[in-house]
Structure formats: structure tokens, C-alpha cells
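**Q** Got a structure for you, written out below as C-alpha cells; questions coming shortly.
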Amino acid sequence: MKIKNIAIVGSLESNDVMITIEPLENKLEIIIESIVYDQFNEEIKKAVQDVCDELEVKQAKIKVNDRGALECTIKARMEAAIIRGKGEIL
Amino acid sequence: MISLKRTMLFIPGNNPSMLMNSIVFGSDCVIFDLEDAVSEKQKDAARILVRNGLKTLDFENTEVFVRINDISTKYWKNDLEEVMKGKINSILLPKTESPKSVKEAEKYIEELEKKYNIEKQITIMPLLETALGIENAFQIAKSSERIEGLFLGAEDLTADLGAKRTKEGKEILYSRSRVVTAAKAAKILAIDTPFTDVDDDEGLVKDTIFAKEIGFDGKASISPRHVDIINKIFMPSKEEIIYAHKVIDAIEKAEEEGKGVVSLEGKMIDAPIVNRARKVLLVLNKSRGVM
């Protein structure tokens, strides 16, 4: 499925994450910034990648600005960002 | 089933920090709010966040409610569809004005229970916050077996009445009494509206004592700071606790002896008295951290 729009979901509040997704051709680029980057970079990336796989997103640029969010929060924000990026309304 | 609802704490649905910490505040119930606490543009994100929280987090003994958007909106079915994938006890149904609203929500809840193979029946708590809702309180209370209580919402109600909302609450006295009477006539719980001044502890104490005195079983809260005060006020008195123990002892003794009719201090003990005693001991155990 193709990302058609730039979409932003979440916030920079503590325990939240701000996800920005935008269209990109031919690749999936994930950029992570986090207050716990050194400890959890891989886990955050996996959570983002899992949602992309589940919703069949293979081409997009995704910026993740994490403020210590739980995995379930990262996945929720990612899912909402993809839905908005596809132009769907849930 | 006897359930404890001294405090029902609202948690904004799009706030991950509050969501993950929701049980540490000590309320008997939490209400994840997808309605007034969430702006139109964030309804989708909040719904997904709450669903993921409900699927992942452990709420231990705290009862979990979700306030969905009201059934006149385009959101309510999507709200139910998502949150019923998680662990919830009950749906808070805003702006309920008639039995028809309850039936409509119930029909869709039933469909989703079948779709997701949910064994434990999800209950409904109508939120009465319009003049019409208050006037139809008893009919609403009796409109479904799933209804476990009536919940008064005074902010929208006073706007609908054209009255000024005050801390003293004279403008909602009739509505409070009406909700309590309707709930008790239907043998369900009555939950009072939140006290909205977060910094006025004295006002909160007065308002909560009054709610308890006129028959409410619990009170909603919009601030975690209010939870301890409300819980303490809705604690049973020493006399109530002693009497509850006597009732349960008498019941157990009668069961051992195979007696059908039980009396205590010359009075017959019927089912409402036993239920009340069990509830008193439930509150006591919870406050001691036994459960």
C-alpha cells in the first residue's frame, strides 16, 4: 500500500512518540531519535518495522521522535500515521 | 455480581502517559475517554492507542470502562469495534436520552461479542447529561440487563438546562435525586458527576459527602488528586462494617444448619441486606489491599 500524504501522529510529551510519515519511492527509510536511543534503538525500530510489515508499507520515509513510549504506544502511533498517510479514515 | 465503584477516574484517551499509569492512582474504575477529552482531529489516534493499551497493559483489579462517542456521531461504531478487541468491563454511553439509544448500542455490542468470541458480557453504563435523559432515567435504567448503573453528567446537563453550574450544586439537586431514585428503583448503581475544581479539596469533600448522603454509590473524578478523598468518603463506617460481619456470619451459620430463613437481632435478612453486607466487606478488603 502506498503512502500518499504526509501525516503526523503523537506528541513530544513524556511517554509518547511523534511519528512523521511521508511518501518515498522504492524504499523504506526509518529515522529514529529517542531519549533512550542507546538502550532501545533496536526495539523501537522493530516495533516500527512490524507495523509496516503488518500494514504492507514498503515505501515511505518515517521519522520517529520518541519520548520514552511503550511498544504498544509506538505501534498505535505508527498504525494511525500509516492510516492517515494512506488517506484512509478510521 | 457485586462491584465496587467508589471512584471512577477519567483518563484522556490520547494521553499515553496517563493511560500507562492509570491504575496507580487507586481508583476502583478507570474510564478511558474517547469523547470530550479527545479533539475531532485525534479521534482515530486515540481509539487505536486505547485499543493497544487495553490489549497490552495489566489493569489488575481495576475495572476498565471506555467512554465512546455518542451514537449520533460517526465515531461510535468504530470506537466499539476497536476497544472491544481489548480487555474492557463496560462501556460508558454518553448523552443517553432514551431506551432506544441503549438498545442500539447493545445491538452492536452483541454483534461484536459474537465476532470476537467475547465470553464475558460487556456491561453498559448510560451517562445522563441532558434534560431528556434525566426525565427518562428509570426507563433507561430498565432498558437492558447489561446496565449496571446510571451515571450523572452535570456539565452538559446544566448547559442543556440553561442553568449556571455552581460548586454548591443547587441547580442539579433535582437531577441528582432523580438519578439516585431511578437507579435504586431499578436495583442498579448510581454514580455522581465529577467535582471539576481540581484545587478545591474542601469543596470536593462537601460535594462527595452530600452525594453519599443522598444515595450515590460512587463518584466520577477528572483528577487523580481527587481519588483518595472520594475513596475515603465512600468507605463504610465502623458500625456498617460490624453489622456486615454479623450478617455474613449469620448467613454462613444458617447455610451450615440448612436453614432457609435467616434472622439477625430479630430482623429477617433478605437478599438486599446480604448484598449490602458483601459490598461493605469488599470495600474494606480493597482498602486494606487484600484484593
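Note on naming: chains are A, B, ... as they come in the C-alpha cells, residues start from 1 per chain, ligands start from 1 in the order shown.
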What residues in chain A get the DSSP label helix (DSSP H, G or I)? Please answer as a VMD selection string.

**A** chain A and resid 37 to 54 71 to 85

**Q** Mind checking which residues fall within 12 Å of Leu112 of chain B, counting only C-alpha atoms, ignoring those fewer than 2 positions away in the same chain, and posting them as a PyMOL selection string?

**A** chain B and resi 77-86+105-110+114-119+121-122

**Q** Using only C-alpha atoms, which chain A residues lie at most 6 Å away from chain B, written as a ChimeraX atom specification?

**A** /A:15-16,72,76,80,90

**Q** Using the chain letters and numbers from this document, which residues of chain A does DSSP assign to strand (DSSP E or B), as a list in words?

**A**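 Here is the list: Ala7, Ile8, Val9, Gly10, Val17, Met18, Ile19, Thr20, Ile21, Glu22, Leu28, Glu29, Ile30, Ile31, Ile32, Glu33, Ser34, Ala60, Lys61, Ile62, Lys63, Val64, Asn65 and Asp66 of chain A.
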
**Q** Between A:Ile6, A:Val51, A:Ile44, A:Met1, which has the minimum distance to Arg84 of chain A (counting only C-alpha atoms)?

**A**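 Of all the options, A:Ile6 lies closest to Arg84 of chain A.
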
**Q** In Å, rounded to a single decimal, give me how far atom CA of Met8 of chain B is from atom CA of Gly169 of chain B.

**A**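 Between atom CA of Gly169 of chain B and atom CA of Met8 of chain B the gap is 19.7 Å.
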
**Q** How many Å separate atom CA of Asp156 of chain B from atom CA of Gly26 of chain B?

**A** 26.9 Å

**Q** Please, what distance in Å, to one decimal, runs between atom CA of Lys27 of chain A and atom CA of Arg67 of chain A?

**A**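 These atoms are spaced 26.1 Å apart.
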
**Q** Please provide the set of residues having any atom within 12 Å of Gly260 of chain B, restricted to only C-alpha atoms, with same-chain residues fewer than 5 positions apart removed, written as a PDB file with N, CA, C and O atoms, in the first residue's frame.

**A**
```pdb
ATOM      1  N   ALA B 250     -24.124 -14.752  60.129  1.00  0.00           N
ATOM      2  CA  ALA B 250     -25.464 -15.334  60.293  1.00  0.00           C
ATOM      3  C   ALA B 250     -25.853 -16.160  59.073  1.00  0.00           C
ATOM      4  O   ALA B 250     -26.426 -17.253  59.187  1.00  0.00           O
ATOM      5  N   ILE B 251     -25.541 -15.633  57.893  1.00  0.00           N
ATOM      6  CA  ILE B 251     -25.859 -16.340  56.642  1.00  0.00           C
ATOM      7  C   ILE B 251     -25.097 -17.674  56.574  1.00  0.00           C
ATOM      8  O   ILE B 251     -25.670 -18.721  56.247  1.00  0.00           O
ATOM      9  N   GLU B 252     -23.811 -17.603  56.903  1.00  0.00           N
ATOM     10  CA  GLU B 252     -22.992 -18.821  56.820  1.00  0.00           C
ATOM     11  C   GLU B 252     -23.473 -19.880  57.820  1.00  0.00           C
ATOM     12  O   GLU B 252     -23.541 -21.065  57.509  1.00  0.00           O
ATOM     13  N   LYS B 253     -23.823 -19.393  59.037  1.00  0.00           N
ATOM     14  CA  LYS B 253     -24.302 -20.314  60.061  1.00  0.00           C
ATOM     15  C   LYS B 253     -25.623 -20.976  59.614  1.00  0.00           C
ATOM     16  O   LYS B 253     -25.815 -22.189  59.757  1.00  0.00           O
ATOM     17  N   ALA B 254     -26.496 -20.158  59.035  1.00  0.00           N
ATOM     18  CA  ALA B 254     -27.791 -20.678  58.580  1.00  0.00           C
ATOM     19  C   ALA B 254     -27.606 -21.712  57.475  1.00  0.00           C
ATOM     20  O   ALA B 254     -28.306 -22.727  57.427  1.00  0.00           O
ATOM     21  N   GLU B 255     -26.635 -21.441  56.586  1.00  0.00           N
ATOM     22  CA  GLU B 255     -26.360 -22.391  55.491  1.00  0.00           C
ATOM     23  C   GLU B 255     -25.867 -23.719  56.044  1.00  0.00           C
ATOM     24  O   GLU B 255     -26.274 -24.786  55.590  1.00  0.00           O
ATOM     25  N   MET B 268     -35.499 -10.206  59.842  1.00  0.00           N
ATOM     26  CA  MET B 268     -35.170 -11.133  58.775  1.00  0.00           C
ATOM     27  C   MET B 268     -34.124 -10.514  57.831  1.00  0.00           C
ATOM     28  O   MET B 268     -34.203  -9.324  57.511  1.00  0.00           O
ATOM     29  N   ILE B 269     -33.163 -11.342  57.423  1.00  0.00           N
ATOM     30  CA  ILE B 269     -32.137 -10.851  56.485  1.00  0.00           C
ATOM     31  C   ILE B 269     -32.543 -11.274  55.077  1.00  0.00           C
ATOM     32  O   ILE B 269     -32.627 -12.472  54.790  1.00  0.00           O
ATOM     33  N   ASP B 270     -32.771 -10.302  54.231  1.00  0.00           N
ATOM     34  CA  ASP B 270     -33.120 -10.636  52.844  1.00  0.00           C
ATOM     35  C   ASP B 270     -31.942 -10.332  51.912  1.00  0.00           C
ATOM     36  O   ASP B 270     -30.894  -9.844  52.341  1.00  0.00           O
TER      37      ASP B 270
END
```
